Amino acid sequence: MSETINIPRDTTMQLLVKVHRDQIAGEMDLKYKEKVAAATSKAEVDALFTEWWKIQYNPELFTKAEMLERWFGNVLVDTRVHGVTTPRYAKSTSVIGELTDDSAGLTCTPSTESTAGNDPFAHLPQFWCLEVSAEKNTDGTHTIYYVEHIDDTADVRSGEHLCWVFQKNTYKREWQDKDYKYLKTRCTPAPGYKRWKEGTDRTGKVHEYMAHPKYYAGIDADGGITCGTGLQPVNRTSHQAGVTRWRGRGAQYSGASGSLVKFLDAMVRLKYGRKGNSGKIEGCTNYNYQYTVAVSETGVERVILTKEQAANLFVGSAVMLGVQNGTDRNTASNYSIFDAKLITAIETVNIGGTDYSAVYVDNGGKTFDTTAGSTYLSTSPYYSGWNDNVLGRDGSRYSPTSGKEPGMIQGVEFMNGSYLIVSDELWQWSTDADGNYNFDCFKCYDQSKVGSAINENYEQITGAHLVYPAGTGAAWVYITDNIIDDDVLWPEATTATGSGVGVGAGFYRYPAASGVRAAWCFGFLSHGGGGGVPCRSSGVWVSHAGWYGSLGAPGLEG
């Protein structure tokens, strides 16, 4: 009697392998979830991530994106609720709020390159973050190429692909009453809580992580636009030209998203209990220096300044050089010798018995002549990566509160001395029947459909609305509070009495009867107290280009 042997079909075998794979993965994720829960430092969680990955990663079984979905979705889970309560302006003009729930009693101190601050959030599931190198695909998905702690950091940040910072896509809830605004986040669903918009890609897939660009946009060695370290910012450009430039990388790209601005503001609130970043991690708002050369030279790659002048400059920051014609950095003669070159050294030199400072620049080996009294040196927006060696996820290289350098929070570098040009928002001035000026925000949730005119691809953001009486003129005014919205940061009112109250930032009011405006946020290197994450200018046309506006990079959303 013959015996019948049933051989499973290939599809059945594949299913069995998948079931077994998922069972093993689930057991491993639970084991490491418990280990992460017991960890007391970011270094411990970093090590656990590396261990978890290296034990399991097999490209035949999991993509890198699938691995990260598991880590952020299954391993980084706890029962904590992180919250912050901030006073509405009518209740108190103070910038300071109060951390609540499981955040109560936690105190954050930003880090520098030489001193590690205190970040009790850094190892917790909702705040632990990871740098990755990724690319958005034309179908709306994305591919992960390099991963921090697993691959070389130089590759992650190189700009070969976009450098993003991943963080858990938590559930958040924002609401307000007569006196206070509230923000709370948690790892698991609950009534009234929603996922972050930037955790959902263009296909509608909700990811267990959300991604934000680590840097402003930059120019790579081939002249292409990307997001990586050590790159010249893409300034002297407009919203319109910026969208075109990003489309050169792919139809799926248009540039920075306004959700980044909202995220940065939320992280300041959740970690520092403040309505704005000013005074804590200032960003570059006070690095406005312009000097005429003190001594003439020929065939050099340096400029001679007084020692007092040079003491204000940082090695590694960027400058422009030209023949002085007023103080406007947009005037071509003011950057006719070079634009946006890095200071490589500052040394004391003695010339004719007087000590001066020689400010050396990397001009690619090209020498130039300088003339005392007319050659003009001006500071420029920073290159990306200024804060790469900060000993924490928040802070600035030398001083987070000086206002002289870019800031960083949750690993994201911001405020490089120029406005961030947001691509997926357009703002519009109009007048109503009474002649009042109205200012509104429209957003496109698909970067492949972003343009320079408000059309059917844009949604008007409810609540993102400002009204000024007929006859109101242009002026800097100050923001009291920001509205509550899922992913748009927008002033609730602009009647604060100055830059030290409310959200600690300004709004450049530039009323017009009509007209679409580009979304320029943060301020630039001479804005002082008016600059900040909530800061914005309402007078910039979509075609306007200036040294003080730079392109940003996209995350995974849209």
# chains A, B, ... in the order shown; residues from 1 in each chain; ligands from 1

$ residues_around --residues "Met210 of chain A" --least-positions-apart "5" --cutoff "9 Å" --atoms "only C-alpha atoms" --output "ChimeraX atom specification"
/A:165-170,196-200,555-557

$ closest_atom_pairs --of "segment 385-443 of chain A" --to "segment 273-281 of chain A" --cutoff "12 Å" --atoms "only C-alpha atoms" --output "Markdown table"
| residue | atom | partner | partner_atom | distance |
| --- | --- | --- | --- | --- |
| A:Arg393 | CA | A:Ile281 | CA | 11.8 |
| A:Asp394 | CA | A:Ile281 | CA | 8.0 |
| A:Gly395 | CA | A:Ile281 | CA | 6.1 |
| A:Ser396 | CA | A:Ile281 | CA | 7.4 |
| A:Arg397 | CA | A:Ile281 | CA | 11.0 |
| A:Tyr398 | CA | A:Ile281 | CA | 11.3 |
| A:Ser399 | CA | A:Ile281 | CA | 8.5 |
| A:Pro400 | CA | A:Ile281 | CA | 4.7 |
| A:Thr401 | CA | A:Ile281 | CA | 5.6 |
| A:Ser402 | CA | A:Gly279 | CA | 8.6 |
| A:Gly403 | CA | A:Ile281 | CA | 8.3 |
| A:Lys404 | CA | A:Ile281 | CA | 10.8 |
| A:Glu405 | CA | A:Ile281 | CA | 9.7 |
| A:Pro406 | CA | A:Ile281 | CA | 8.7 |
| A:Gly407 | CA | A:Ile281 | CA | 5.7 |
| A:Met408 | CA | A:Ile281 | CA | 7.4 |
| A:Ile409 | CA | A:Ile281 | CA | 8.1 |
| A:Gln410 | CA | A:Ile281 | CA | 11.7 |
| A:Glu413 | CA | A:Ile281 | CA | 10.8 |
| A:Phe414 | CA | A:Ile281 | CA | 9.9 |
| A:Met415 | CA | A:Ile281 | CA | 10.0 |

$ select_by_dssp --residues "segment 204-400 of chain A" --states "strand (DSSP E)" --output "JSON, numbers by chain"
{"A": [209, 210, 211, 212, 213, 218, 219, 225, 226, 235, 236, 237, 290, 291, 292, 297, 298, 299, 300, 302, 303, 304, 305, 318, 319, 320, 321, 322, 323, 338, 339, 340, 341, 342, 343, 344, 345, 346, 347, 348, 349, 350, 351, 354, 355, 356, 357, 358, 359, 360, 361, 368, 369, 370, 375, 376, 377, 378, 379]}

$ residues_around --residues "segment 475-482 of chain A" --least-positions-apart "5" --cutoff "8 Å" --atoms "only C-alpha atoms" --output "number ranges by chain"
A: 88-89, 93, 275, 489-499, 501-510, 530, 534

$ closest_residue --among "A:Phe263, A:Tyr458, A:Tyr253, A:Phe524" --to "Thr226 of chain A" --atoms "only C-alpha atoms"
A:Tyr253

$ atom_distance --atom1 "atom CA of Ser333 of chain A" --atom2 "atom CA of Val295 of chain A"
19.4 Å
